[in-house]
Amino acid sequence: MDTVEAIKIRILQLCEEESISINKLANYSGLAPSTLKGILYDRSRNPKIITLKIICDGLNITLAEFFTSSEFNDLE
């Protein structure tokens, strides 16, 4: 698994844990839904760390919490 795939999986996991949609997460984060969907649907192959920080802020978690996931332990 590559880093972008791990990021996508983690975002979807967190949305599921919080029982929110991608659009709701975009709203909470103050991002355009197209930005988030670009990451999830392979239109953005290099999401910036600042974008991930904004997503984390919308979820009320830290970047460390975001990256504390098994997906990030076995990256290529």
# chains A, B, ... in the order shown; residues from 1 in each chain; ligands from 1
$ residues_around --residues "Met1 of chain A" --least-positions-apart "2" --cutoff "8 Å" --atoms "only C-alpha atoms" --output "PyMOL selection string"
chain A and resi 3+5-6+71+74-76
$ residues_around --residues "Lys24 of chain A" --least-positions-apart "5" --cutoff "9 Å" --atoms "only C-alpha atoms" --output "PyMOL selection string"
chain A and resi 15+29+33
$ write_last_selection --atoms "all heavy atoms" --output "CSV table (one decimal), in the first residue's frame"
chain,number,residue,atom,x,y,z
A,15,CYS,N,-14.3,9.0,9.1
A,15,CYS,CA,-15.7,9.4,8.8
A,15,CYS,C,-16.7,8.3,9.3
A,15,CYS,O,-17.7,8.6,9.8
A,15,CYS,CB,-15.9,9.5,7.3
A,15,CYS,SG,-15.2,11.1,6.6
A,29,SER,N,-14.5,20.9,8.1
A,29,SER,CA,-13.1,21.3,7.9
A,29,SER,C,-12.9,22.6,7.2
A,29,SER,O,-11.9,23.2,7.2
A,29,SER,CB,-12.4,20.2,7.1
A,29,SER,OG,-12.4,19.0,7.7
A,33,PRO,N,-15.8,20.4,-0.9
A,33,PRO,CA,-16.0,19.0,-1.0
A,33,PRO,C,-15.2,18.4,-2.2
A,33,PRO,O,-14.7,17.3,-2.0
A,33,PRO,CB,-17.5,18.8,-1.3
A,33,PRO,CG,-18.2,20.0,-0.7
A,33,PRO,CD,-17.1,21.1,-0.9
$ select_by_dssp --residues "chain A" --states "helix (DSSP H, G or I)" --output "ChimeraX atom specification"
/A:3-18,22-29,33-40,49-59,63-67,70-72
$ residues_around --residues "segment 41-44 of chain A" --least-positions-apart "6" --cutoff "9 Å" --atoms "only C-alpha atoms" --output "compact mmCIF listing (two decimals) with all heavy atoms, in the first residue's frame"
# COMPACT_ATOMS: atom_id res chain seq x y z
N VAL A 4 -0.66 7.52 -0.27
CA VAL A 4 -1.94 8.13 -0.65
C VAL A 4 -3.09 7.16 -0.37
O VAL A 4 -4.15 7.57 0.12
CB VAL A 4 -1.92 8.60 -2.12
CG1 VAL A 4 -3.27 9.12 -2.54
CG2 VAL A 4 -0.85 9.65 -2.32
N GLU A 5 -2.90 5.89 -0.65
CA GLU A 5 -3.93 4.89 -0.37
C GLU A 5 -4.20 4.81 1.14
O GLU A 5 -5.34 4.73 1.57
CB GLU A 5 -3.52 3.53 -0.92
CG GLU A 5 -4.59 2.47 -0.80
CD GLU A 5 -5.83 2.76 -1.63
OE1 GLU A 5 -5.74 3.44 -2.67
OE2 GLU A 5 -6.91 2.28 -1.23
N LYS A 8 -6.29 7.81 2.17
CA LYS A 8 -7.70 7.62 1.78
C LYS A 8 -8.41 6.69 2.74
O LYS A 8 -9.52 6.99 3.20
CB LYS A 8 -7.79 7.06 0.35
CG LYS A 8 -7.33 8.02 -0.70
CD LYS A 8 -7.54 7.57 -2.12
CE LYS A 8 -7.23 6.15 -2.43
NZ LYS A 8 -7.26 5.83 -3.87
N THR A 35 -12.18 19.18 -2.92
CA THR A 35 -10.82 18.97 -2.43
C THR A 35 -10.71 17.61 -1.76
O THR A 35 -9.79 16.83 -2.03
CB THR A 35 -10.43 20.07 -1.42
OG1 THR A 35 -10.49 21.34 -2.08
CG2 THR A 35 -9.04 19.85 -0.87
$ atom_distance --atom1 "atom CA of Ser21 of chain A" --atom2 "atom CA of Asp2 of chain A"
23.9 Å
$ residues_around --residues "segment 49-60 of chain A" --least-positions-apart "4" --cutoff "10 Å" --atoms "only C-alpha atoms" --output "list in words"
Ile7, Ile11, Leu14, Cys15, Glu18, Ile20, Lys24, Leu25, Ala26, Asn27, Tyr28, Ser29, Gly30, Leu31, Thr35, Leu36, Ile39, Ala64, Glu65 and Phe66 of chain A
$ write_last_selection --atoms "N, CA and C atoms" --output "tab-separated table (two decimals), in the first residue's frame"
chain	number	residue	atom	x	y	z
A	7	ILE	N	-3.79	7.21	3.30
A	7	ILE	CA	-4.50	8.44	3.68
A	7	ILE	C	-5.99	8.31	3.36
A	11	ILE	N	-9.00	8.44	6.13
A	11	ILE	CA	-10.09	9.43	6.09
A	11	ILE	C	-11.44	8.72	6.14
A	14	LEU	N	-12.14	7.32	9.63
A	14	LEU	CA	-12.53	8.37	10.58
A	14	LEU	C	-13.95	8.86	10.33
A	15	CYS	N	-14.34	8.97	9.06
A	15	CYS	CA	-15.72	9.35	8.76
A	15	CYS	C	-16.69	8.29	9.27
A	18	GLU	N	-17.00	8.49	13.06
A	18	GLU	CA	-17.80	9.66	13.47
A	18	GLU	C	-19.20	9.66	12.88
A	20	ILE	N	-20.12	10.30	9.80
A	20	ILE	CA	-20.33	11.49	8.98
A	20	ILE	C	-19.96	11.17	7.53
A	24	LYS	N	-19.98	16.19	4.84
A	24	LYS	CA	-20.06	16.73	6.20
A	24	LYS	C	-18.65	17.02	6.73
A	25	LEU	N	-17.71	16.11	6.45
A	25	LEU	CA	-16.32	16.33	6.87
A	25	LEU	C	-15.77	17.58	6.17
A	26	ALA	N	-16.04	17.74	4.90
A	26	ALA	CA	-15.60	18.93	4.18
A	26	ALA	C	-16.16	20.18	4.83
A	27	ASN	N	-17.42	20.13	5.19
A	27	ASN	CA	-18.08	21.26	5.85
A	27	ASN	C	-17.42	21.55	7.20
A	28	TYR	N	-17.22	20.54	8.02
A	28	TYR	CA	-16.57	20.70	9.33
A	28	TYR	C	-15.16	21.26	9.19
A	29	SER	N	-14.48	20.88	8.13
A	29	SER	CA	-13.09	21.27	7.92
A	29	SER	C	-12.95	22.61	7.22
A	30	GLY	N	-14.02	23.07	6.61
A	30	GLY	CA	-13.95	24.31	5.86
A	30	GLY	C	-13.28	24.13	4.50
A	31	LEU	N	-13.30	22.90	4.00
A	31	LEU	CA	-12.75	22.59	2.69
A	31	LEU	C	-13.87	22.47	1.67
A	35	THR	N	-12.18	19.18	-2.92
A	35	THR	CA	-10.82	18.97	-2.43
A	35	THR	C	-10.71	17.61	-1.76
A	36	LEU	N	-11.66	17.32	-0.90
A	36	LEU	CA	-11.66	16.03	-0.20
A	36	LEU	C	-11.90	14.88	-1.17
A	39	ILE	N	-8.86	13.83	-3.14
A	39	ILE	CA	-7.96	12.91	-2.44
A	39	ILE	C	-8.52	11.50	-2.50
A	64	ALA	N	-0.92	13.60	14.71
A	64	ALA	CA	-0.38	12.37	15.29
A	64	ALA	C	-1.46	11.31	15.39
A	65	GLU	N	-2.66	11.70	15.80
A	65	GLU	CA	-3.77	10.74	15.89
A	65	GLU	C	-4.15	10.24	14.50
A	66	PHE	N	-4.11	11.12	13.52
A	66	PHE	CA	-4.43	10.72	12.16
A	66	PHE	C	-3.48	9.63	11.68
$ atom_distance --atom1 "atom CA of Glu17 of chain A" --atom2 "atom CA of Asn73 of chain A"
20.2 Å
$ atom_distance --atom1 "atom CA of Leu12 of chain A" --atom2 "atom CA of Pro47 of chain A"
15.0 Å
$ decode --residues "segment 13-26 of chain A" --atoms "all heavy atoms" --output "PDB file, in the first residue's frame"
ATOM      1  N   GLN A  13     -12.085   5.731   7.317  1.00  0.00           N
ATOM      2  CA  GLN A  13     -12.251   5.130   8.650  1.00  0.00           C
ATOM      3  C   GLN A  13     -12.764   6.154   9.643  1.00  0.00           C
ATOM      4  O   GLN A  13     -13.691   5.884  10.411  1.00  0.00           O
ATOM      5  CB  GLN A  13     -10.913   4.593   9.181  1.00  0.00           C
ATOM      6  CG  GLN A  13     -10.447   3.310   8.608  1.00  0.00           C
ATOM      7  CD  GLN A  13      -9.050   2.955   9.132  1.00  0.00           C
ATOM      8  OE1 GLN A  13      -8.339   3.785   9.693  1.00  0.00           O
ATOM      9  NE2 GLN A  13      -8.662   1.708   8.921  1.00  0.00           N
ATOM     10  N   LEU A  14     -12.144   7.322   9.629  1.00  0.00           N
ATOM     11  CA  LEU A  14     -12.530   8.366  10.584  1.00  0.00           C
ATOM     12  C   LEU A  14     -13.952   8.863  10.331  1.00  0.00           C
ATOM     13  O   LEU A  14     -14.697   9.115  11.281  1.00  0.00           O
ATOM     14  CB  LEU A  14     -11.521   9.517  10.534  1.00  0.00           C
ATOM     15  CG  LEU A  14     -10.136   9.151  11.078  1.00  0.00           C
ATOM     16  CD1 LEU A  14      -9.107  10.198  10.664  1.00  0.00           C
ATOM     17  CD2 LEU A  14     -10.179   8.995  12.593  1.00  0.00           C
ATOM     18  N   CYS A  15     -14.341   8.969   9.062  1.00  0.00           N
ATOM     19  CA  CYS A  15     -15.722   9.352   8.755  1.00  0.00           C
ATOM     20  C   CYS A  15     -16.692   8.294   9.274  1.00  0.00           C
ATOM     21  O   CYS A  15     -17.734   8.636   9.838  1.00  0.00           O
ATOM     22  CB  CYS A  15     -15.901   9.548   7.252  1.00  0.00           C
ATOM     23  SG  CYS A  15     -15.216  11.076   6.626  1.00  0.00           S
ATOM     24  N   GLU A  16     -16.329   7.039   9.096  1.00  0.00           N
ATOM     25  CA  GLU A  16     -17.186   5.960   9.584  1.00  0.00           C
ATOM     26  C   GLU A  16     -17.282   5.987  11.117  1.00  0.00           C
ATOM     27  O   GLU A  16     -18.370   5.850  11.672  1.00  0.00           O
ATOM     28  CB  GLU A  16     -16.650   4.615   9.110  1.00  0.00           C
ATOM     29  CG  GLU A  16     -17.574   3.460   9.450  1.00  0.00           C
ATOM     30  CD  GLU A  16     -17.090   2.145   8.869  1.00  0.00           C
ATOM     31  OE1 GLU A  16     -16.595   2.136   7.734  1.00  0.00           O
ATOM     32  OE2 GLU A  16     -17.228   1.125   9.566  1.00  0.00           O
ATOM     33  N   GLU A  17     -16.143   6.177  11.784  1.00  0.00           N
ATOM     34  CA  GLU A  17     -16.144   6.242  13.251  1.00  0.00           C
ATOM     35  C   GLU A  17     -17.029   7.369  13.774  1.00  0.00           C
ATOM     36  O   GLU A  17     -17.694   7.219  14.787  1.00  0.00           O
ATOM     37  CB  GLU A  17     -14.719   6.450  13.773  1.00  0.00           C
ATOM     38  CG  GLU A  17     -13.836   5.234  13.678  1.00  0.00           C
ATOM     39  CD  GLU A  17     -12.396   5.526  14.083  1.00  0.00           C
ATOM     40  OE1 GLU A  17     -12.137   6.566  14.737  1.00  0.00           O
ATOM     41  OE2 GLU A  17     -11.525   4.707  13.739  1.00  0.00           O
ATOM     42  N   GLU A  18     -17.004   8.490  13.057  1.00  0.00           N
ATOM     43  CA  GLU A  18     -17.796   9.657  13.472  1.00  0.00           C
ATOM     44  C   GLU A  18     -19.203   9.661  12.876  1.00  0.00           C
ATOM     45  O   GLU A  18     -19.987  10.563  13.164  1.00  0.00           O
ATOM     46  CB  GLU A  18     -17.069  10.951  13.076  1.00  0.00           C
ATOM     47  CG  GLU A  18     -15.736  11.144  13.760  1.00  0.00           C
ATOM     48  CD  GLU A  18     -15.860  11.294  15.261  1.00  0.00           C
ATOM     49  OE1 GLU A  18     -16.801  11.972  15.723  1.00  0.00           O
ATOM     50  OE2 GLU A  18     -15.014  10.733  15.980  1.00  0.00           O
ATOM     51  N   SER A  19     -19.492   8.673  12.046  1.00  0.00           N
ATOM     52  CA  SER A  19     -20.788   8.576  11.356  1.00  0.00           C
ATOM     53  C   SER A  19     -21.108   9.849  10.575  1.00  0.00           C
ATOM     54  O   SER A  19     -22.203  10.413  10.682  1.00  0.00           O
ATOM     55  CB  SER A  19     -21.909   8.267  12.356  1.00  0.00           C
ATOM     56  OG  SER A  19     -21.681   7.039  12.984  1.00  0.00           O
ATOM     57  N   ILE A  20     -20.119  10.305   9.804  1.00  0.00           N
ATOM     58  CA  ILE A  20     -20.326  11.493   8.980  1.00  0.00           C
ATOM     59  C   ILE A  20     -19.963  11.171   7.529  1.00  0.00           C
ATOM     60  O   ILE A  20     -19.175  10.288   7.256  1.00  0.00           O
ATOM     61  CB  ILE A  20     -19.510  12.708   9.475  1.00  0.00           C
ATOM     62  CG1 ILE A  20     -18.005  12.409   9.463  1.00  0.00           C
ATOM     63  CG2 ILE A  20     -19.990  13.160  10.841  1.00  0.00           C
ATOM     64  CD1 ILE A  20     -17.123  13.608   9.763  1.00  0.00           C
ATOM     65  N   SER A  21     -20.560  11.931   6.641  1.00  0.00           N
ATOM     66  CA  SER A  21     -20.275  11.771   5.213  1.00  0.00           C
ATOM     67  C   SER A  21     -19.036  12.588   4.840  1.00  0.00           C
ATOM     68  O   SER A  21     -18.570  13.433   5.614  1.00  0.00           O
ATOM     69  CB  SER A  21     -21.467  12.260   4.391  1.00  0.00           C
ATOM     70  OG  SER A  21     -21.595  13.671   4.546  1.00  0.00           O
ATOM     71  N   ILE A  22     -18.553  12.345   3.648  1.00  0.00           N
ATOM     72  CA  ILE A  22     -17.429  13.117   3.128  1.00  0.00           C
ATOM     73  C   ILE A  22     -17.812  14.589   3.027  1.00  0.00           C
ATOM     74  O   ILE A  22     -17.029  15.473   3.374  1.00  0.00           O
ATOM     75  CB  ILE A  22     -16.992  12.571   1.743  1.00  0.00           C
ATOM     76  CG1 ILE A  22     -16.504  11.133   1.874  1.00  0.00           C
ATOM     77  CG2 ILE A  22     -15.923  13.452   1.114  1.00  0.00           C
ATOM     78  CD1 ILE A  22     -15.391  10.915   2.860  1.00  0.00           C
ATOM     79  N   ASN A  23     -19.014  14.865   2.568  1.00  0.00           N
ATOM     80  CA  ASN A  23     -19.466  16.256   2.472  1.00  0.00           C
ATOM     81  C   ASN A  23     -19.540  16.919   3.839  1.00  0.00           C
ATOM     82  O   ASN A  23     -19.188  18.087   3.989  1.00  0.00           O
ATOM     83  CB  ASN A  23     -20.819  16.345   1.771  1.00  0.00           C
ATOM     84  CG  ASN A  23     -20.703  16.139   0.279  1.00  0.00           C
ATOM     85  OD1 ASN A  23     -19.641  16.315  -0.308  1.00  0.00           O
ATOM     86  ND2 ASN A  23     -21.792  15.747  -0.341  1.00  0.00           N
ATOM     87  N   LYS A  24     -19.985  16.190   4.844  1.00  0.00           N
ATOM     88  CA  LYS A  24     -20.055  16.731   6.205  1.00  0.00           C
ATOM     89  C   LYS A  24     -18.648  17.018   6.730  1.00  0.00           C
ATOM     90  O   LYS A  24     -18.417  18.047   7.357  1.00  0.00           O
ATOM     91  CB  LYS A  24     -20.793  15.773   7.123  1.00  0.00           C
ATOM     92  CG  LYS A  24     -20.917  16.198   8.546  1.00  0.00           C
ATOM     93  CD  LYS A  24     -22.136  16.940   8.967  1.00  0.00           C
ATOM     94  CE  LYS A  24     -23.422  16.345   8.522  1.00  0.00           C
ATOM     95  NZ  LYS A  24     -24.543  17.193   8.922  1.00  0.00           N
ATOM     96  N   LEU A  25     -17.706  16.108   6.453  1.00  0.00           N
ATOM     97  CA  LEU A  25     -16.323  16.334   6.867  1.00  0.00           C
ATOM     98  C   LEU A  25     -15.765  17.581   6.172  1.00  0.00           C
ATOM     99  O   LEU A  25     -15.092  18.392   6.811  1.00  0.00           O
ATOM    100  CB  LEU A  25     -15.449  15.121   6.556  1.00  0.00           C
ATOM    101  CG  LEU A  25     -13.949  15.296   6.824  1.00  0.00           C
ATOM    102  CD1 LEU A  25     -13.681  15.693   8.279  1.00  0.00           C
ATOM    103  CD2 LEU A  25     -13.199  14.025   6.454  1.00  0.00           C
ATOM    104  N   ALA A  26     -16.045  17.736   4.903  1.00  0.00           N
ATOM    105  CA  ALA A  26     -15.596  18.929   4.180  1.00  0.00           C
ATOM    106  C   ALA A  26     -16.164  20.184   4.835  1.00  0.00           C
ATOM    107  O   ALA A  26     -15.441  21.169   5.045  1.00  0.00           O
ATOM    108  CB  ALA A  26     -16.011  18.846   2.715  1.00  0.00           C
TER     109      ALA A  26
END
